[in-house]
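Coordinates from entry25.csv are shown below (CSV, C-alpha atoms and all ligand atoms).
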chain,number,residue,atom,x,y,z
A,8,MET,CA,14.0,1.3,6.3
A,9,THR,CA,16.2,-1.5,7.5
A,10,ILE,CA,15.0,-3.2,10.7
A,11,ASP,CA,17.9,-2.9,13.2
A,12,SER,CA,18.0,-6.0,15.4
A,13,SER,CA,20.1,-4.2,18.1
A,14,LYS,CA,17.3,-1.7,18.8
A,15,ASN,CA,13.8,-2.4,20.2
A,16,ALA,CA,12.9,-3.1,16.6
A,17,VAL,CA,10.2,-5.7,17.0
A,18,SER,CA,7.1,-5.6,19.0
A,19,VAL,CA,4.8,-8.6,19.5
A,20,ILE,CA,1.3,-8.1,20.9
A,21,GLY,CA,-0.8,-11.1,22.1
A,22,LEU,CA,1.3,-13.7,23.8
A,23,GLY,CA,-0.9,-16.8,23.5
A,24,THR,CA,-0.3,-19.9,21.4
A,25,MET,CA,1.2,-18.0,18.6
A,26,GLY,CA,2.6,-14.8,20.1
A,27,HIS,CA,4.9,-16.4,22.6
A,28,GLY,CA,6.5,-18.5,19.9
A,29,ILE,CA,6.9,-15.5,17.6
A,30,VAL,CA,8.7,-13.6,20.4
A,31,GLN,CA,11.0,-16.6,20.9
A,32,THR,CA,11.8,-16.8,17.2
A,33,PHE,CA,12.8,-13.2,16.9
A,34,ALA,CA,14.8,-13.2,20.2
A,35,LEU,CA,16.6,-16.4,19.2
A,36,ALA,CA,17.7,-14.7,16.0
A,37,GLY,CA,19.2,-11.9,18.0
A,38,TYR,CA,16.5,-9.3,17.9
A,39,GLN,CA,15.5,-7.1,20.8
A,40,VAL,CA,11.8,-7.8,21.2
A,41,LYS,CA,9.2,-6.0,23.2
A,42,ALA,CA,6.1,-8.1,24.2
A,43,PHE,CA,2.7,-7.3,25.5
A,44,ASP,CA,-0.6,-9.0,26.3
A,45,GLU,CA,-3.7,-7.5,27.8
A,46,ASN,CA,-3.7,-10.5,30.1
A,47,SER,CA,-1.0,-9.8,32.7
A,48,GLN,CA,-0.6,-13.6,33.4
A,49,ALA,CA,0.5,-14.2,29.8
A,50,VAL,CA,3.2,-11.4,30.2
A,51,LEU,CA,4.3,-12.8,33.5
A,52,GLN,CA,4.7,-16.3,32.1
A,53,LEU,CA,6.4,-15.3,28.9
A,54,HIS,CA,10.1,-15.8,30.0
A,55,GLN,CA,9.4,-19.1,31.7
A,56,ARG,CA,7.5,-20.4,28.7
A,57,ILE,CA,10.2,-19.5,26.3
A,58,ALA,CA,12.9,-20.9,28.6
A,59,ALA,CA,11.1,-24.2,28.6
A,60,ASN,CA,10.7,-24.3,24.8
A,61,VAL,CA,14.3,-23.5,24.3
A,62,ALA,CA,15.5,-26.1,26.7
A,63,THR,CA,13.4,-28.7,24.8
A,64,MET,CA,14.9,-27.6,21.5
A,65,GLN,CA,18.4,-27.8,22.9
A,66,ASP,CA,17.8,-31.3,24.3
A,67,LEU,CA,16.6,-32.4,20.9
A,68,GLY,CA,19.8,-30.9,19.4
A,69,VAL,CA,17.9,-28.7,16.9
A,70,ILE,CA,19.4,-25.4,18.2
A,71,ASP,CA,22.9,-24.7,19.5
A,72,GLN,CA,23.4,-24.2,23.2
A,73,VAL,CA,22.2,-20.6,24.0
A,74,ASN,CA,22.8,-18.5,27.0
A,75,ILE,CA,19.3,-18.4,28.3
A,76,ASP,CA,19.8,-15.3,30.4
A,77,ALA,CA,21.2,-13.4,27.4
A,78,LEU,CA,18.2,-14.6,25.3
A,79,LEU,CA,15.6,-13.5,27.9
A,80,SER,CA,17.4,-10.2,28.4
A,81,ARG,CA,16.5,-9.4,24.8
A,82,ILE,CA,12.8,-9.8,25.6
A,83,GLN,CA,11.3,-6.8,27.3
A,84,CYS,CA,8.0,-7.6,28.9
A,85,CYS,CA,5.7,-4.5,28.7
A,86,THR,CA,2.9,-3.6,30.9
A,87,THR,CA,1.1,-1.1,28.7
A,88,GLU,CA,0.2,-1.1,25.0
A,89,SER,CA,1.9,2.3,24.4
A,90,GLU,CA,5.2,1.0,26.0
A,91,VAL,CA,5.2,-2.0,23.6
A,92,LEU,CA,4.5,0.1,20.5
A,93,ILE,CA,6.7,3.2,20.9
A,94,ASP,CA,9.8,3.3,18.8
A,95,SER,CA,9.1,-0.1,17.2
A,96,GLN,CA,10.0,-0.7,13.6
A,97,PHE,CA,8.0,-3.9,13.1
A,98,ILE,CA,4.8,-4.6,15.0
A,99,THR,CA,3.2,-8.0,14.7
A,100,GLU,CA,-0.1,-8.8,16.4
A,101,ALA,CA,-1.3,-12.3,17.5
A,102,ILE,CA,-4.4,-11.1,19.4
A,103,ALA,CA,-8.0,-12.2,19.2
A,104,GLU,CA,-9.3,-13.3,15.8
A,105,ASP,CA,-11.9,-10.5,15.6
A,106,LEU,CA,-11.9,-8.0,12.7
A,107,GLN,CA,-13.0,-5.0,14.8
A,108,ILE,CA,-10.5,-5.7,17.5
A,109,LYS,CA,-7.7,-5.9,15.0
A,110,GLN,CA,-8.8,-2.8,13.1
A,111,GLU,CA,-9.0,-0.8,16.3
A,112,PHE,CA,-5.6,-2.1,17.5
A,113,PHE,CA,-3.9,-1.0,14.3
A,114,ALA,CA,-5.6,2.4,14.4
A,115,ARG,CA,-4.1,2.9,17.9
A,116,CYS,CA,-0.7,1.8,16.6
A,117,GLU,CA,-0.8,4.6,13.9
A,118,GLU,CA,-1.2,7.2,16.6
A,119,LEU,CA,2.0,6.1,18.3
A,120,VAL,CA,4.5,4.9,15.7
A,121,ALA,CA,6.3,6.4,12.7
A,122,PRO,CA,4.5,6.3,9.3
A,123,ASP,CA,7.0,3.7,8.0
A,124,THR,CA,6.7,1.3,10.9
A,125,LEU,CA,5.6,-2.0,9.5
A,126,LEU,CA,2.3,-3.3,10.8
A,127,ALA,CA,1.8,-7.1,10.5
A,128,SER,CA,-1.2,-9.2,11.4
A,129,ASN,CA,-1.2,-13.0,12.1
A,130,THR,CA,-4.8,-13.3,11.1
A,131,SER,CA,-6.0,-16.7,10.0
A,132,SER,CA,-9.0,-15.5,8.1
A,133,PHE,CA,-9.4,-11.7,7.5
A,134,PRO,CA,-8.0,-10.0,4.4
A,135,MET,CA,-5.4,-7.4,5.3
A,136,THR,CA,-7.2,-5.0,3.0
A,137,GLU,CA,-10.1,-5.1,5.5
A,138,ILE,CA,-8.0,-4.9,8.6
A,139,ALA,CA,-6.1,-1.9,7.2
A,140,SER,CA,-9.2,-0.2,5.6
A,141,GLN,CA,-9.3,2.6,8.2
A,142,LEU,CA,-5.5,3.2,8.3
A,143,GLU,CA,-3.9,6.5,7.2
A,144,TYR,CA,-0.9,4.6,5.8
A,145,PRO,CA,-2.3,1.1,4.7
A,146,GLU,CA,0.7,0.6,2.4
A,147,ARG,CA,2.8,-0.5,5.4
A,148,ALA,CA,0.2,-3.1,6.6
A,149,ILE,CA,0.7,-6.8,5.7
A,150,ASN,CA,-0.4,-10.2,6.8
A,151,THR,CA,2.4,-12.5,7.9
A,152,HIS,CA,0.6,-15.8,8.6
A,153,TRP,CA,2.6,-18.1,10.9
A,154,PHE,CA,1.8,-21.7,11.6
A,155,ASN,CA,1.5,-23.4,15.0
A,156,PRO,CA,3.9,-23.9,16.7
A,157,PRO,CA,5.4,-20.8,15.3
A,158,HIS,CA,8.9,-21.4,16.7
A,159,VAL,CA,9.0,-24.7,14.9
A,160,ILE,CA,7.2,-24.6,11.6
A,161,PRO,CA,9.5,-22.9,9.0
A,162,VAL,CA,6.9,-21.4,6.6
A,163,VAL,CA,5.2,-18.1,7.0
A,164,GLU,CA,2.6,-17.1,4.3
A,165,VAL,CA,3.0,-13.4,3.4
A,166,ILE,CA,-0.2,-11.9,2.1
A,167,PRO,CA,-0.3,-8.3,1.1
A,168,GLY,CA,-3.5,-6.3,1.1
A,169,GLN,CA,-4.6,-4.3,-2.0
A,170,GLN,CA,-2.8,-1.2,-0.8
A,171,THR,CA,0.3,-2.9,0.7
A,172,SER,CA,3.4,-1.4,-1.0
A,173,GLU,CA,6.1,-3.5,-2.8
A,174,GLN,CA,8.6,-2.1,-0.3
A,175,THR,CA,6.6,-3.4,2.7
A,176,ILE,CA,6.4,-6.9,1.1
A,177,GLU,CA,10.1,-6.9,0.5
A,178,GLN,CA,10.9,-5.7,4.0
A,179,ALA,CA,8.6,-8.3,5.6
A,180,MET,CA,10.1,-11.1,3.5
A,181,SER,CA,13.7,-10.2,4.3
A,182,LEU,CA,12.9,-9.7,8.0
A,183,LEU,CA,11.4,-13.2,8.1
A,184,GLN,CA,14.3,-14.7,6.2
A,185,SER,CA,16.7,-13.0,8.7
A,186,ILE,CA,15.2,-15.0,11.5
A,187,GLY,CA,15.5,-18.3,9.6
A,188,LYS,CA,11.9,-18.5,8.4
A,189,GLN,CA,10.7,-19.5,4.9
A,190,PRO,CA,8.4,-16.7,3.9
A,191,VAL,CA,6.1,-17.6,0.9
A,192,ARG,CA,4.5,-14.8,-1.0
A,193,ILE,CA,0.8,-15.2,-1.8
A,194,HIS,CA,-0.2,-13.2,-4.8
A,195,GLN,CA,-4.0,-12.9,-4.3
A,196,GLU,CA,-5.9,-12.2,-1.2
A,197,LEU,CA,-8.2,-15.2,-1.1
A,198,PRO,CA,-10.2,-16.5,1.9
A,199,GLY,CA,-8.0,-19.0,3.7
A,200,PHE,CA,-4.9,-17.8,1.8
A,201,VAL,CA,-3.4,-21.0,0.4
A,202,MET,CA,-2.5,-23.5,3.1
A,203,ASN,CA,-5.9,-23.4,4.9
A,204,ARG,CA,-7.7,-23.9,1.5
A,205,LEU,CA,-5.6,-27.0,0.9
A,206,GLN,CA,-6.3,-28.2,4.4
A,207,VAL,CA,-10.0,-27.8,4.1
A,208,ALA,CA,-10.1,-29.4,0.6
A,209,LEU,CA,-8.3,-32.5,2.0
A,210,PHE,CA,-10.3,-32.6,5.2
A,211,ARG,CA,-13.5,-32.7,3.2
A,212,GLU,CA,-12.5,-35.9,1.5
A,213,MET,CA,-10.7,-37.4,4.5
A,214,LEU,CA,-13.6,-36.9,6.9
A,215,ASP,CA,-16.0,-38.2,4.2
A,216,LEU,CA,-14.0,-41.4,3.8
A,217,VAL,CA,-13.6,-41.9,7.6
A,218,GLY,CA,-17.3,-41.1,8.1
A,219,ARG,CA,-18.3,-43.7,5.5
A,220,GLY,CA,-16.1,-46.3,7.2
A,221,VAL,CA,-13.8,-46.6,4.1
A,222,ILE,CA,-10.8,-46.3,6.3
A,223,SER,CA,-10.3,-45.8,10.1
A,224,ALA,CA,-9.0,-42.5,11.4
A,225,GLU,CA,-5.9,-44.4,12.8
A,226,ASP,CA,-5.2,-46.1,9.4
A,227,LEU,CA,-5.7,-42.8,7.6
A,228,ASP,CA,-3.0,-41.2,9.7
A,229,VAL,CA,-0.7,-44.1,9.1
A,230,ALA,CA,-1.4,-44.1,5.3
A,231,VAL,CA,-0.9,-40.3,4.8
A,232,ARG,CA,2.2,-40.2,7.0
A,233,GLY,CA,3.8,-43.0,5.0
A,234,SER,CA,2.8,-42.0,1.5
A,235,LEU,CA,1.6,-38.5,0.6
A,236,GLY,CA,2.9,-36.8,3.7
A,237,LEU,CA,6.4,-38.3,3.2
A,238,ARG,CA,6.6,-37.4,-0.5
A,239,TRP,CA,5.2,-33.9,0.1
A,240,ALA,CA,7.6,-33.2,2.9
A,241,ALA,CA,10.5,-34.5,1.0
A,242,VAL,CA,10.0,-32.8,-2.4
A,243,GLY,CA,6.7,-31.0,-2.4
A,244,PRO,CA,3.4,-31.9,-4.2
A,245,MET,CA,4.2,-30.1,-7.4
A,246,ARG,CA,7.4,-31.9,-7.9
A,247,VAL,CA,5.7,-35.2,-7.0
A,248,GLY,CA,3.4,-34.4,-10.0
A,249,ASP,CA,6.4,-33.7,-12.2
A,250,PHE,CA,8.0,-37.0,-11.2
A,251,GLY,CA,4.8,-39.0,-11.7
A,252,GLY,CA,4.0,-37.3,-15.1
A,253,TRP,CA,1.1,-35.0,-15.6
A,254,ASP,CA,-0.4,-37.2,-18.4
A,255,ILE,CA,-1.0,-39.9,-15.8
A,256,LEU,CA,-2.3,-37.4,-13.3
A,257,ALA,CA,-4.7,-36.0,-16.0
A,258,LYS,CA,-6.2,-39.4,-16.6
A,259,VAL,CA,-6.5,-40.2,-12.9
A,260,TYR,CA,-8.0,-36.8,-12.3
A,261,GLN,CA,-10.7,-37.3,-14.9
A,262,VAL,CA,-11.8,-40.6,-13.4
A,263,LEU,CA,-11.6,-39.4,-9.8
A,264,ALA,CA,-12.7,-35.8,-9.8
A,265,PRO,CA,-16.4,-36.7,-10.2
A,266,GLU,CA,-16.1,-39.3,-7.4
A,267,ILE,CA,-14.7,-37.1,-4.6
A,268,ARG,CA,-16.6,-34.7,-2.4
A,269,SER,CA,-17.2,-31.3,-4.0
A,270,ASP,CA,-20.1,-29.9,-2.0
A,271,SER,CA,-19.9,-27.4,0.9
A,272,GLU,CA,-22.0,-29.4,3.4
A,273,LEU,CA,-20.3,-30.3,6.7
A,274,PRO,CA,-19.3,-33.9,6.4
A,275,GLN,CA,-21.7,-35.9,8.6
A,276,VAL,CA,-18.9,-37.3,10.8
A,277,LEU,CA,-17.7,-33.8,11.6
A,278,ASP,CA,-21.2,-32.7,12.5
A,279,GLU,CA,-21.4,-35.7,14.8
A,280,MET,CA,-18.1,-35.1,16.5
A,281,VAL,CA,-19.0,-31.5,17.2
A,282,ASP,CA,-22.5,-32.4,18.4
A,283,SER,CA,-21.2,-35.1,20.8
A,284,GLY,CA,-18.6,-32.8,22.2
A,285,ASN,CA,-15.7,-35.0,21.0
A,286,LEU,CA,-13.6,-32.0,20.0
A,287,GLY,CA,-10.2,-33.6,20.3
A,288,LEU,CA,-7.4,-32.8,22.8
A,289,LYS,CA,-9.3,-30.0,24.5
A,290,THR,CA,-12.2,-32.4,25.6
A,291,GLY,CA,-10.0,-35.5,26.0
A,292,GLN,CA,-11.6,-37.3,23.1
A,293,GLY,CA,-11.6,-36.9,19.4
A,294,PHE,CA,-10.9,-39.7,16.9
A,295,PHE,CA,-8.2,-40.5,19.5
A,296,GLU,CA,-8.2,-40.5,23.3
A,297,PHE,CA,-6.3,-37.9,25.2
A,298,PRO,CA,-6.5,-38.7,29.0
A,299,GLU,CA,-6.4,-35.5,31.0
A,300,THR,CA,-3.6,-36.8,33.2
A,301,SER,CA,-1.2,-37.3,30.2
A,302,GLN,CA,-2.2,-34.3,28.1
A,303,ASP,CA,1.0,-32.3,28.8
A,304,GLU,CA,3.1,-35.3,27.8
A,305,ILE,CA,1.0,-35.8,24.7
A,306,ILE,CA,1.5,-32.2,23.6
A,307,ARG,CA,5.2,-32.4,24.4
A,308,ASP,CA,5.5,-35.5,22.3
A,309,LYS,CA,3.7,-34.0,19.4
A,310,ASP,CA,5.9,-30.8,19.5
A,311,ASN,CA,9.0,-32.9,19.7
A,312,LYS,CA,7.9,-34.8,16.6
A,313,PHE,CA,7.4,-31.5,14.8
A,314,VAL,CA,10.8,-30.3,15.9
A,315,ALA,CA,12.5,-33.6,14.9
A,316,TRP,CA,10.9,-33.7,11.5
A,317,GLY,CA,11.6,-30.0,10.9
A,318,GLN,CA,15.2,-30.7,11.7
A,319,LEU,CA,15.4,-33.6,9.3
A,320,LEU,CA,14.1,-31.4,6.5
A,321,LYS,CA,16.5,-28.6,7.4
A,322,GLU,CA,19.4,-31.1,7.2
A,323,ALA,CA,18.1,-32.5,3.9
A,324,TYR,CA,18.1,-29.1,2.3
A,325,LYS,CA,21.4,-27.8,3.7
A,326,GLU,CA,23.4,-26.3,0.8
B,1,LIG,N1,-3.5,-21.0,17.0
B,1,LIG,C1,-3.2,-21.2,15.7
B,1,LIG,O1,-3.0,-22.4,15.2
B,1,LIG,C2,-3.1,-20.1,14.8
B,1,LIG,C3,-2.4,-20.2,13.6
B,1,LIG,C4,-2.2,-19.1,12.7
B,1,LIG,C5,-2.7,-17.9,13.0
B,1,LIG,N2,-3.4,-17.8,14.2
B,1,LIG,C6,-3.9,-16.4,14.5
B,1,LIG,O2,-3.1,-15.8,15.5
B,1,LIG,C7,-3.8,-15.0,16.3
B,1,LIG,C8,-3.7,-15.4,17.8
B,1,LIG,O3,-4.1,-16.8,17.9
B,1,LIG,P1,-3.7,-17.7,19.1
B,1,LIG,O4,-4.1,-19.0,18.8
B,1,LIG,O5,-2.3,-17.3,19.6
B,1,LIG,O6,-4.7,-17.1,20.2
B,1,LIG,P2,-4.6,-17.2,21.8
B,1,LIG,O7,-6.0,-17.1,22.3
B,1,LIG,O8,-3.8,-18.4,22.2
B,1,LIG,O9,-3.8,-15.9,22.2
B,1,LIG,C9,-4.3,-14.6,22.0
B,1,LIG,C10,-3.7,-13.7,23.1
B,1,LIG,O10,-4.0,-12.4,22.7
B,1,LIG,C11,-4.3,-11.7,23.9
B,1,LIG,N3,-5.1,-10.5,23.4
B,1,LIG,C12,-6.4,-10.6,22.9
B,1,LIG,N4,-6.8,-9.3,22.5
B,1,LIG,C13,-5.7,-8.5,22.9
B,1,LIG,C14,-5.5,-7.1,22.7
B,1,LIG,N5,-6.4,-6.3,22.2
B,1,LIG,N6,-4.3,-6.6,23.2
B,1,LIG,C15,-3.4,-7.4,23.8
B,1,LIG,N7,-3.5,-8.7,23.9
B,1,LIG,C16,-4.7,-9.3,23.5
B,1,LIG,C17,-5.1,-12.7,24.7
B,1,LIG,O11,-5.0,-12.3,26.1
B,1,LIG,C18,-4.3,-14.0,24.5
B,1,LIG,O12,-3.2,-14.2,25.4
B,1,LIG,C19,-5.3,-15.0,15.8
B,1,LIG,O13,-5.5,-14.0,14.9
B,1,LIG,C20,-5.3,-16.4,15.1
B,1,LIG,O14,-6.3,-16.5,14.1
B,1,LIG,C21,-3.6,-18.8,15.1
Let's see the structure in the file written out as structure tokens.
Amino acid sequence: MTIDSSKNAVSVIGLGTMGHGIVQTFALAGYQVKAFDENSQAVLQLHQRIAANVATMQDLGVIDQVNIDALLSRIQCCTTESEVLIDSQFITEAIAEDLQIKQEFFARCEELVAPDTLLASNTSSFPMTEIASQLEYPERAINTHWFNPPHVIPVVEVIPGQQTSEQTIEQAMSLLQSIGKQPVRIHQELPGFVMNRLQVALFREMLDLVGRGVISAEDLDVAVRGSLGLRWAAVGPMRVGDFGGWDILAKVYQVLAPEIRSDSELPQVLDEMVDSGNLGLKTGQGFFEFPETSQDEIIRDKDNKFVAWGQLLKEAYKE
């Protein structure tokens, strides 16, 4: 099956942090998209939210001028679940992170769509094998794991379940490529997939070092941005290893591996942050301060930085 962008080919369910940006990405690439959320406010605000995102991206020069009315006309806001599902060729959910809710959602999809309609989850934690365990045709179910903000971050991890067919994997990969994403195939269904495993491995050490006062949170951000982060963004960590030489890395690894954190206890500083309610942006205070009055501006500034750096990388890798 080829997914036809001119038809109501793509349906997105759940229009929160992730879903609205996923709708935007498909619509910007020319797809007709149907969108639904059980919260009618999220549906009502969808066009406005996307128009604001697109205006920012245009101001930053990262996308060409688009006819916003034409873009929004490609996004059909649905008021019922059946309306959003019917006739769809690719369904992707970004609803609550709850195994039972996702299982039940996909079971309802199967009653309404053709057996070859692709069913994609954006789950951050559940194996697709489990989400699809009660489906009649689990071979068409796949996890396409986007990163926040989904309309900005290029990579999508593609994680098949045990019963996902090769054809489904290829279709999902080429669909994501057709909308300008960089799908990366993950070959084993491990908890946390790949990127979240790396993130936790690094946070374990970073929080330990900050908690022990070895480096301040502020300086850690400065140091990572200006060293590892820059090198990884520019060429990727495996190439950094190749450039540095694996013999050197092997020696450094042997000395340092016994020194760094390897247990599964919550780092003390993380425990303290959570206990004291210093949860970050959402409470106004984390390692850094986020005054309530300037939160919108802070979020915009962060998103603009993501967009600008994403654009730099795109330019650097232009063939
Ligand atoms: N936020 C992230 O950084 C991130 C990153 C990658 C993946 N994810 C995953 O994406 C999914 C969505 O996360 P989010 O951060 O966008 O959550 P969110 O809370 O911002 O949005 C979820 C939306 O889904 C709606 N919803 C919930 N159940 C529904 C249902 N049964 N039918 C229709 N609408 C429903 C809610 O009303 C809400 O608007 C989760 O599975 C999450 O784990 C999140």
### Query
Just how far from atom C1 of ligand LIG 1 (chain B) is CA of Ile306 (chain A), in Å to one decimal?
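Computing the Euclidean distance for CA of Ile306 (chain A) and atom C1 of ligand LIG 1 (chain B) yields 14.3 Å.
The spacing separating CA of Asn60 (chain A) from CA of Leu79 (chain A) amounts to 12.3 Å.
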### Query
So which residues are near ligand LIG 1 (chain B), meaning at most 6 Å away with all atoms listed in the file counted, given back as a ChimeraX atom specification?
/A:20-26,44-46,49,101-104,129-131,152-155
### Message
Between A:Met180, A:Leu273, A:Val247, A:Ile166, which residue has the minimum interatomic distance to Phe210 (chain A), considering all atoms listed in the file?
### Response
A:Leu273
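Of the listed residues (A:Lys321, A:Arg211, A:Arg238, A:His158), A:His158 comes nearest to Ile186 (chain A); the distances count all atoms listed in the file.
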### Message
So, with all atoms listed in the file as the atoms that count, which of A:Gln39, A:Cys84, A:Met135, A:Tyr144 lies closest to Gln96 (chain A)?
### Response
A:Gln39
Tell me which residues come within 10 Å of (-21.0, -40.8, -0.3), as a PDB file with C-alpha atoms, in the coordinates of the input, counting all atoms listed in the file in the file's coordinates.
ATOM      1  CA  GLU A 212     -12.500 -35.900   1.500  1.00  0.00           C
ATOM      2  CA  ASP A 215     -16.000 -38.200   4.200  1.00  0.00           C
ATOM      3  CA  LEU A 216     -14.000 -41.400   3.800  1.00  0.00           C
ATOM      4  CA  GLY A 218     -17.300 -41.100   8.100  1.00  0.00           C
ATOM      5  CA  ARG A 219     -18.300 -43.700   5.500  1.00  0.00           C
ATOM      6  CA  GLU A 266     -16.100 -39.300  -7.400  1.00  0.00           C
ATOM      7  CA  ILE A 267     -14.700 -37.100  -4.600  1.00  0.00           C
ATOM      8  CA  ARG A 268     -16.600 -34.700  -2.400  1.00  0.00           C
ATOM      9  CA  PRO A 274     -19.300 -33.900   6.400  1.00  0.00           C
TER      10      PRO A 274
END
Missing atoms in region 147-163 of chain A: fill them in up to N, CA, C and O atoms and send the result as an mmCIF file, in the frame of the given file.
data_model
loop_
_atom_site.group_PDB
_atom_site.id
_atom_site.type_symbol
_atom_site.label_atom_id
_atom_site.label_comp_id
_atom_site.auth_asym_id
_atom_site.auth_seq_id
_atom_site.Cartn_x
_atom_site.Cartn_y
_atom_site.Cartn_z
ATOM 1 N N ARG A 147 1.781 0.177 4.598
ATOM 2 C CA ARG A 147 2.800 -0.500 5.400
ATOM 3 C C ARG A 147 2.151 -1.672 6.245
ATOM 4 O O ARG A 147 2.768 -2.211 7.155
ATOM 5 N N ALA A 148 0.920 -2.046 5.883
ATOM 6 C CA ALA A 148 0.200 -3.100 6.600
ATOM 7 C C ALA A 148 0.280 -4.429 5.786
ATOM 8 O O ALA A 148 0.067 -4.412 4.573
ATOM 9 N N ILE A 149 0.553 -5.533 6.449
ATOM 10 C CA ILE A 149 0.700 -6.800 5.700
ATOM 11 C C ILE A 149 0.338 -7.973 6.643
ATOM 12 O O ILE A 149 0.477 -7.868 7.861
ATOM 13 N N ASN A 150 -0.129 -9.046 6.040
ATOM 14 C CA ASN A 150 -0.400 -10.200 6.800
ATOM 15 C C ASN A 150 0.795 -11.186 6.734
ATOM 16 O O ASN A 150 1.185 -11.589 5.642
ATOM 17 N N THR A 151 1.385 -11.496 7.876
ATOM 18 C CA THR A 151 2.400 -12.500 7.900
ATOM 19 C C THR A 151 1.787 -13.684 8.732
ATOM 20 O O THR A 151 1.635 -13.584 9.935
ATOM 21 N N HIS A 152 1.399 -14.729 8.031
ATOM 22 C CA HIS A 152 0.600 -15.800 8.600
ATOM 23 C C HIS A 152 1.483 -16.967 9.021
ATOM 24 O O HIS A 152 1.924 -17.753 8.177
ATOM 25 N N TRP A 153 1.773 -17.050 10.329
ATOM 26 C CA TRP A 153 2.600 -18.100 10.900
ATOM 27 C C TRP A 153 1.782 -19.363 11.109
ATOM 28 O O TRP A 153 0.558 -19.288 11.205
ATOM 29 N N PHE A 154 2.485 -20.479 11.271
ATOM 30 C CA PHE A 154 1.800 -21.700 11.600
ATOM 31 C C PHE A 154 2.171 -22.206 12.971
ATOM 32 O O PHE A 154 3.282 -21.960 13.436
ATOM 33 N N ASN A 155 1.285 -22.899 13.604
ATOM 34 C CA ASN A 155 1.500 -23.400 15.000
ATOM 35 C C ASN A 155 2.220 -24.717 14.999
ATOM 36 O O ASN A 155 1.802 -25.631 14.280
ATOM 37 N N PRO A 156 3.270 -24.915 15.797
ATOM 38 C CA PRO A 156 3.900 -23.900 16.700
ATOM 39 C C PRO A 156 4.863 -23.022 15.909
ATOM 40 O O PRO A 156 5.701 -23.513 15.134
ATOM 41 N N PRO A 157 4.724 -21.723 16.118
ATOM 42 C CA PRO A 157 5.400 -20.800 15.300
ATOM 43 C C PRO A 157 6.941 -20.808 15.379
ATOM 44 O O PRO A 157 7.631 -20.454 14.442
ATOM 45 N N HIS A 158 7.455 -21.283 16.527
ATOM 46 C CA HIS A 158 8.900 -21.400 16.700
ATOM 47 C C HIS A 158 9.465 -22.630 16.049
ATOM 48 O O HIS A 158 10.662 -22.855 16.071
ATOM 49 N N VAL A 159 8.575 -23.473 15.497
ATOM 50 C CA VAL A 159 9.000 -24.700 14.900
ATOM 51 C C VAL A 159 8.740 -24.814 13.412
ATOM 52 O O VAL A 159 9.589 -25.239 12.638
ATOM 53 N N ILE A 160 7.549 -24.405 12.997
ATOM 54 C CA ILE A 160 7.200 -24.600 11.600
ATOM 55 C C ILE A 160 7.876 -23.465 10.754
ATOM 56 O O ILE A 160 7.727 -22.276 11.050
ATOM 57 N N PRO A 161 8.635 -23.868 9.724
ATOM 58 C CA PRO A 161 9.500 -22.900 9.000
ATOM 59 C C PRO A 161 8.692 -21.868 8.162
ATOM 60 O O PRO A 161 9.106 -20.718 8.042
ATOM 61 N N VAL A 162 7.572 -22.298 7.562
ATOM 62 C CA VAL A 162 6.900 -21.400 6.600
ATOM 63 C C VAL A 162 6.050 -20.360 7.215
ATOM 64 O O VAL A 162 5.376 -20.609 8.226
ATOM 65 N N VAL A 163 6.090 -19.166 6.639
ATOM 66 C CA VAL A 163 5.200 -18.100 7.000
ATOM 67 C C VAL A 163 4.557 -17.602 5.666
ATOM 68 O O VAL A 163 5.303 -17.249 4.750
#
